[in-house]
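Engineer: To start, I am sharing the structure in question, which I have written as C-alpha coordinates.
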Amino acid sequence: EDRWTSRSSCKQRAGRAGRVAPGWSFKLFTQFAFQTKQFLEYSIPEILRVNLDETILQVKRLGFAEDIRMWFETKPIEAPSKAAVEEGVKTLINIGAIDSEDEGLTALGYHLSSLPLPPKIGKMLIFGTMFGCLDSVLTIAAQMSGEGSSGGIWSSGWGLGQREEADRKKKEFGGIWKSDHIAILNAYKGWKRARSEGRAQEFCNVNFLNAMGLETLEKIKIQLRNLLADIGFFSEDSKEGGGDRYGENMRVIKEYYVRVCIQTWLKLG
(Lines give C-alpha, C1' and ligand atoms only; values in the text may rest on other atoms or scores of the structure.)
Protein backbone atom coordinates (compact mmCIF):
# COMPACT_ATOMS: atom_id res chain seq x y z
CA GLU A 1 0.00 0.00 0.00
CA ASP A 2 1.37 3.42 -0.96
CA ARG A 3 1.25 6.07 1.71
CA TRP A 4 2.79 9.44 2.51
CA THR A 5 6.01 9.45 4.47
CA SER A 6 6.27 11.34 7.79
CA ARG A 7 7.48 14.91 8.33
CA SER A 8 10.38 13.72 10.47
CA SER A 9 11.52 11.34 7.72
CA CYS A 10 11.38 14.14 5.13
CA LYS A 11 13.50 16.40 7.30
CA GLN A 12 16.01 13.62 7.96
CA ARG A 13 16.42 12.87 4.27
CA ALA A 14 16.74 16.56 3.43
CA GLY A 15 19.68 16.71 5.82
CA ARG A 16 21.53 14.10 3.80
CA ALA A 17 21.66 16.40 0.77
CA GLY A 18 24.30 18.58 2.44
CA ARG A 19 26.16 15.94 4.41
CA VAL A 20 29.25 15.77 2.18
CA ALA A 21 28.88 18.93 0.11
CA PRO A 22 26.26 21.64 -0.49
CA GLY A 23 23.21 20.17 -2.19
CA TRP A 24 19.48 20.37 -2.86
CA SER A 25 16.61 18.20 -1.65
CA PHE A 26 13.53 18.03 -3.90
CA LYS A 27 10.17 16.74 -2.64
CA LEU A 28 7.31 15.85 -5.00
CA PHE A 29 4.51 17.30 -2.90
CA THR A 30 3.25 20.76 -2.03
CA GLN A 31 4.05 22.67 1.14
CA PHE A 32 0.32 22.76 1.87
CA ALA A 33 0.10 18.95 1.75
CA PHE A 34 3.20 18.66 3.95
CA GLN A 35 1.57 20.80 6.64
CA THR A 36 -1.77 18.95 6.65
CA LYS A 37 -2.84 15.68 8.25
CA GLN A 38 -1.76 13.79 5.14
CA PHE A 39 1.68 13.65 6.75
CA LEU A 40 2.15 12.18 10.22
CA GLU A 41 4.70 13.86 12.44
CA TYR A 42 6.56 10.58 12.95
CA SER A 43 6.51 7.27 11.05
CA ILE A 44 4.35 4.48 12.43
CA PRO A 45 6.56 1.59 13.67
CA GLU A 46 6.60 -1.21 11.12
CA ILE A 47 5.21 -3.79 13.54
CA LEU A 48 2.04 -1.67 13.83
CA ARG A 49 1.40 -1.37 10.09
CA VAL A 50 2.27 -4.74 8.53
CA ASN A 51 0.65 -8.17 8.58
CA LEU A 52 2.07 -10.19 11.45
CA ASP A 53 1.86 -13.67 9.91
CA GLU A 54 5.49 -13.61 8.72
CA THR A 55 6.72 -12.26 12.08
CA ILE A 56 4.76 -14.92 13.98
CA LEU A 57 6.37 -17.66 11.87
CA GLN A 58 9.86 -16.32 12.60
CA VAL A 59 9.21 -16.06 16.34
CA LYS A 60 7.91 -19.63 16.47
CA ARG A 61 10.75 -20.98 14.33
CA LEU A 62 13.33 -19.42 16.66
CA GLY A 63 11.55 -20.83 19.71
CA PHE A 64 11.15 -17.46 21.39
CA ALA A 65 7.61 -18.06 22.59
CA GLU A 66 5.07 -20.83 23.06
CA ASP A 67 2.40 -18.23 23.75
CA ILE A 68 2.68 -15.86 20.80
CA ARG A 69 0.07 -13.47 22.20
CA MET A 70 2.03 -12.99 25.42
CA TRP A 71 5.23 -12.46 23.41
CA PHE A 72 3.69 -9.60 21.44
CA GLU A 73 2.35 -8.03 24.61
CA THR A 74 5.69 -8.02 26.43
CA LYS A 75 8.62 -8.06 23.97
CA PRO A 76 8.14 -5.39 21.27
CA ILE A 77 8.67 -1.75 22.27
CA GLU A 78 5.40 -0.94 20.51
CA ALA A 79 2.88 -3.75 20.95
CA PRO A 80 0.54 -4.42 17.99
CA SER A 81 -3.18 -4.67 18.60
CA LYS A 82 -4.64 -7.95 19.81
CA ALA A 83 -6.83 -8.03 16.69
CA ALA A 84 -3.73 -7.87 14.45
CA VAL A 85 -2.10 -10.75 16.34
CA GLU A 86 -5.28 -12.85 16.14
CA GLU A 87 -5.57 -12.14 12.41
CA GLY A 88 -1.98 -13.28 11.88
CA VAL A 89 -2.58 -16.51 13.82
CA LYS A 90 -5.83 -17.15 11.92
CA THR A 91 -4.06 -16.67 8.58
CA LEU A 92 -1.33 -19.16 9.47
CA ILE A 93 -3.83 -21.75 10.67
CA ASN A 94 -5.88 -21.40 7.47
CA ILE A 95 -2.87 -21.92 5.19
CA GLY A 96 -1.68 -24.88 7.27
CA ALA A 97 1.46 -23.24 8.66
CA ILE A 98 0.57 -23.74 12.32
CA ASP A 99 -1.55 -26.36 14.03
CA SER A 100 -5.08 -25.34 15.03
CA GLU A 101 -4.82 -27.21 18.35
CA ASP A 102 -1.51 -26.20 19.94
CA GLU A 103 -0.52 -23.49 17.40
CA GLY A 104 2.85 -25.17 16.89
CA LEU A 105 4.67 -25.07 13.55
CA THR A 106 3.63 -27.68 11.00
CA ALA A 107 6.09 -29.11 8.47
CA LEU A 108 4.79 -26.58 5.95
CA GLY A 109 5.16 -23.79 8.49
CA TYR A 110 8.78 -24.77 9.13
CA HIS A 111 9.63 -24.46 5.45
CA LEU A 112 7.66 -21.23 5.08
CA SER A 113 9.58 -19.72 7.98
CA SER A 114 12.78 -20.32 5.99
CA LEU A 115 11.54 -18.09 3.16
CA PRO A 116 11.77 -14.29 3.58
CA LEU A 117 8.35 -13.98 1.91
CA PRO A 118 4.73 -13.52 2.92
CA PRO A 119 3.55 -17.02 3.91
CA LYS A 120 0.82 -17.05 1.25
CA ILE A 121 3.40 -16.46 -1.48
CA GLY A 122 5.73 -19.04 0.06
CA LYS A 123 2.97 -21.67 0.07
CA MET A 124 2.30 -20.96 -3.61
CA LEU A 125 5.94 -21.65 -4.47
CA ILE A 126 6.28 -24.82 -2.39
CA PHE A 127 3.08 -26.30 -3.79
CA GLY A 128 4.17 -25.24 -7.26
CA THR A 129 7.11 -27.65 -6.98
CA MET A 130 4.80 -30.39 -5.68
CA PHE A 131 2.35 -29.93 -8.59
CA GLY A 132 5.25 -29.86 -11.05
CA CYS A 133 4.43 -26.43 -12.47
CA LEU A 134 6.97 -24.28 -10.67
CA ASP A 135 7.98 -21.93 -13.49
CA SER A 136 4.38 -20.90 -14.12
CA VAL A 137 3.78 -20.41 -10.40
CA LEU A 138 6.96 -18.35 -10.14
CA THR A 139 5.60 -16.03 -12.82
CA ILE A 140 2.31 -15.51 -10.96
CA ALA A 141 4.04 -15.16 -7.58
CA ALA A 142 6.57 -12.70 -8.99
CA GLN A 143 3.77 -10.46 -10.25
CA MET A 144 2.02 -10.62 -6.87
CA SER A 145 5.26 -9.92 -5.00
CA GLY A 146 6.20 -7.02 -7.26
CA GLU A 147 2.81 -5.34 -7.66
CA GLY A 148 3.50 -1.65 -7.85
CA SER A 149 7.04 -2.13 -9.17
CA SER A 150 7.42 -0.37 -12.53
CA GLY A 151 3.63 -0.28 -12.86
CA GLY A 152 3.16 -4.04 -13.28
CA ILE A 153 3.08 -5.74 -16.67
CA TRP A 154 0.01 -3.96 -18.05
CA SER A 155 0.73 -0.66 -19.75
CA SER A 156 -0.96 2.47 -18.40
CA GLY A 157 0.11 4.59 -21.38
CA TRP A 158 -3.04 4.11 -23.41
CA GLY A 159 -4.18 6.82 -25.75
CA LEU A 160 -7.68 8.20 -25.92
CA GLY A 161 -10.17 5.46 -26.76
CA GLN A 162 -7.68 2.60 -26.33
CA ARG A 163 -8.80 1.36 -22.93
CA GLU A 164 -11.42 -0.99 -24.39
CA GLU A 165 -8.84 -2.45 -26.78
CA ALA A 166 -6.37 -2.93 -23.91
CA ASP A 167 -9.03 -4.69 -21.84
CA ARG A 168 -9.86 -6.94 -24.79
CA LYS A 169 -6.19 -7.94 -25.15
CA LYS A 170 -6.01 -8.73 -21.45
CA LYS A 171 -9.11 -10.96 -21.72
CA GLU A 172 -7.55 -12.74 -24.69
CA PHE A 173 -4.52 -13.61 -22.54
CA GLY A 174 -6.88 -14.99 -19.87
CA GLY A 175 -8.46 -17.27 -22.49
CA ILE A 176 -11.19 -19.70 -21.52
CA TRP A 177 -9.97 -19.59 -17.92
CA LYS A 178 -11.02 -15.93 -17.51
CA SER A 179 -8.34 -15.48 -14.86
CA ASP A 180 -6.11 -12.44 -14.28
CA HIS A 181 -3.31 -14.72 -13.09
CA ILE A 182 -3.51 -16.92 -16.18
CA ALA A 183 -3.55 -13.75 -18.28
CA ILE A 184 -0.30 -12.64 -16.63
CA LEU A 185 1.23 -16.06 -17.24
CA ASN A 186 0.28 -16.13 -20.93
CA ALA A 187 1.37 -12.54 -21.49
CA TYR A 188 4.75 -13.25 -19.95
CA LYS A 189 5.26 -16.42 -22.01
CA GLY A 190 4.29 -14.56 -25.17
CA TRP A 191 6.73 -11.77 -24.35
CA LYS A 192 9.56 -14.27 -23.81
CA ARG A 193 8.90 -15.90 -27.18
CA ALA A 194 8.77 -12.51 -28.87
CA ARG A 195 12.02 -11.46 -27.18
CA SER A 196 13.78 -14.58 -28.46
CA GLU A 197 12.69 -13.53 -31.95
CA GLY A 198 13.88 -9.95 -31.49
CA ARG A 199 10.43 -8.35 -31.42
CA ALA A 200 9.77 -7.85 -27.71
CA GLN A 201 8.92 -4.15 -27.94
CA GLU A 202 6.57 -4.72 -30.87
CA PHE A 203 4.78 -7.42 -28.85
CA CYS A 204 4.41 -5.02 -25.92
CA ASN A 205 3.06 -2.24 -28.10
CA VAL A 206 0.49 -4.44 -29.82
CA ASN A 207 -0.69 -6.06 -26.59
CA PHE A 208 -0.58 -3.00 -24.29
CA LEU A 209 2.17 -4.43 -22.08
CA ASN A 210 4.75 -2.64 -19.98
CA ALA A 211 8.24 -3.78 -21.08
CA MET A 212 9.90 -2.49 -17.91
CA GLY A 213 7.31 -4.28 -15.77
CA LEU A 214 8.00 -7.56 -17.59
CA GLU A 215 11.75 -7.14 -17.08
CA THR A 216 11.14 -6.51 -13.38
CA LEU A 217 8.89 -9.56 -13.14
CA GLU A 218 11.65 -11.72 -14.64
CA LYS A 219 14.19 -10.45 -12.11
CA ILE A 220 11.80 -11.19 -9.22
CA LYS A 221 11.26 -14.71 -10.65
CA ILE A 222 15.00 -15.36 -10.47
CA GLN A 223 15.12 -14.12 -6.87
CA LEU A 224 12.21 -16.36 -5.86
CA ARG A 225 13.75 -19.37 -7.61
CA ASN A 226 17.02 -18.78 -5.76
CA LEU A 227 15.18 -18.63 -2.43
CA LEU A 228 13.60 -22.02 -3.15
CA ALA A 229 16.99 -23.44 -4.12
CA ASP A 230 18.44 -22.22 -0.82
CA ILE A 231 15.98 -24.37 1.17
CA GLY A 232 16.27 -27.40 -1.14
CA PHE A 233 13.01 -27.13 -3.08
CA PHE A 234 14.60 -26.40 -6.43
CA SER A 235 17.51 -27.89 -8.33
CA GLU A 236 18.99 -26.61 -11.59
CA ASP A 237 20.58 -30.05 -12.14
CA SER A 238 17.33 -31.90 -12.62
CA LYS A 239 14.17 -30.98 -14.49
CA GLU A 240 12.17 -33.10 -12.08
CA GLY A 241 14.00 -31.56 -9.12
CA GLY A 242 13.12 -28.18 -10.56
CA GLY A 243 9.46 -29.09 -10.15
CA ASP A 244 8.40 -28.02 -13.65
CA ARG A 245 7.64 -31.30 -15.42
CA TYR A 246 4.02 -30.15 -16.04
CA GLY A 247 4.89 -26.52 -16.66
CA GLU A 248 3.17 -26.42 -20.06
CA ASN A 249 0.11 -28.40 -19.02
CA MET A 250 -2.65 -25.85 -18.47
CA ARG A 251 -4.93 -28.42 -16.84
CA VAL A 252 -2.34 -29.05 -14.12
CA ILE A 253 -1.76 -25.33 -13.68
CA LYS A 254 -5.51 -24.72 -13.41
CA GLU A 255 -5.88 -27.56 -10.89
CA TYR A 256 -3.06 -26.06 -8.86
CA TYR A 257 -4.64 -22.63 -9.08
CA VAL A 258 -8.01 -23.88 -7.82
CA ARG A 259 -6.70 -26.15 -5.07
CA VAL A 260 -3.93 -23.91 -3.72
CA CYS A 261 -4.51 -20.28 -4.61
CA ILE A 262 -8.29 -19.94 -4.66
CA GLN A 263 -8.95 -22.21 -1.68
CA THR A 264 -6.32 -20.39 0.37
CA TRP A 265 -7.69 -16.96 -0.51
CA LEU A 266 -11.30 -18.02 0.14
CA LYS A 267 -10.34 -19.23 3.62
CA LEU A 268 -8.59 -15.94 4.29
CA GLY A 269 -11.33 -13.79 2.78
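Following the order of the C-alpha coordinates, first chain is A, next is B, and so on, with residues numbered from 1 inside each chain and ligands from 1 in the order they appear.
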Within 12 Å of stretch 108-110 of chain A, counting only C-alpha atoms, which residues qualify if same-chain residues fewer than 3 places away don't, as a PyMOL selection string?
Structural biologist: chain A and resi 53-54+56-63+89+91-99+103-105+113-115+118-120+122-127+231
Engineer: Using atom CA of A:Thr55 and atom CA of A:Tyr42 as the two end points, give the distance in Å to one decimal.
Structural biologist: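 Those two atoms sit 22.9 Å apart.
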Engineer: Rounded to one decimal place, report the atom CA of A:Cys133-atom CA of A:Ile253 distance in Å.
Structural biologist: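 Interatomic distance here is 6.4 Å.
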Engineer: Given the choices A:Arg16, A:Leu228, A:Cys10, A:Lys178, which gets closest to A:Leu117 if the distance is worked out from only C-alpha atoms?
Structural biologist: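 Comparing A:Arg16, A:Leu228, A:Cys10, A:Lys178 against A:Leu117, the winner is A:Leu228.
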Engineer: Name all residues at most 12 Å from A:Asn226 (count only C-alpha atoms; drop same-chain ones fewer than 3 positions away) and give them as a list of chain:residue names.
Structural biologist: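 Contacts, in chain order: A:Leu115, A:Pro116, A:Leu125, A:Leu138, A:Lys219, A:Ile220, A:Lys221, A:Ile222, A:Gln223, A:Ala229, A:Asp230, A:Ile231, A:Gly232, A:Phe233, A:Phe234, A:Ser235, A:Glu236, A:Gly242.
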Engineer: Could you jot down the atom CA of A:Gly132 to atom CA of A:Gly247 separation for me, Å, one decimal place?
Structural biologist: 6.5 Å
Engineer: From the options A:Ala183, A:Lys170, A:Leu227, A:Ala21, which residue's atoms come nearest to A:Leu112, counting only C-alpha atoms?
Structural biologist: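 Closest candidate: A:Leu227.
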Engineer: Find the residues around A:Val137 up to 12 Å (only C-alpha atoms counted), leave out those fewer than 4 positions away in its own chain, and share them as an MDAnalysis selection string.
Structural biologist: chainID A and resid 121:133 141:145 181:182 184:186 188 221 224:225 243:244 246:248 250 252:254 256:257 260:261
Engineer: Extract, using only C-alpha atoms, all DNA, RNA and protein residues at most 7 Å from A:Leu40, discarding same-chain residues fewer than 3 positions from it, and format them as a ChimeraX atom specification.
Structural biologist: /A:6-7,37,43
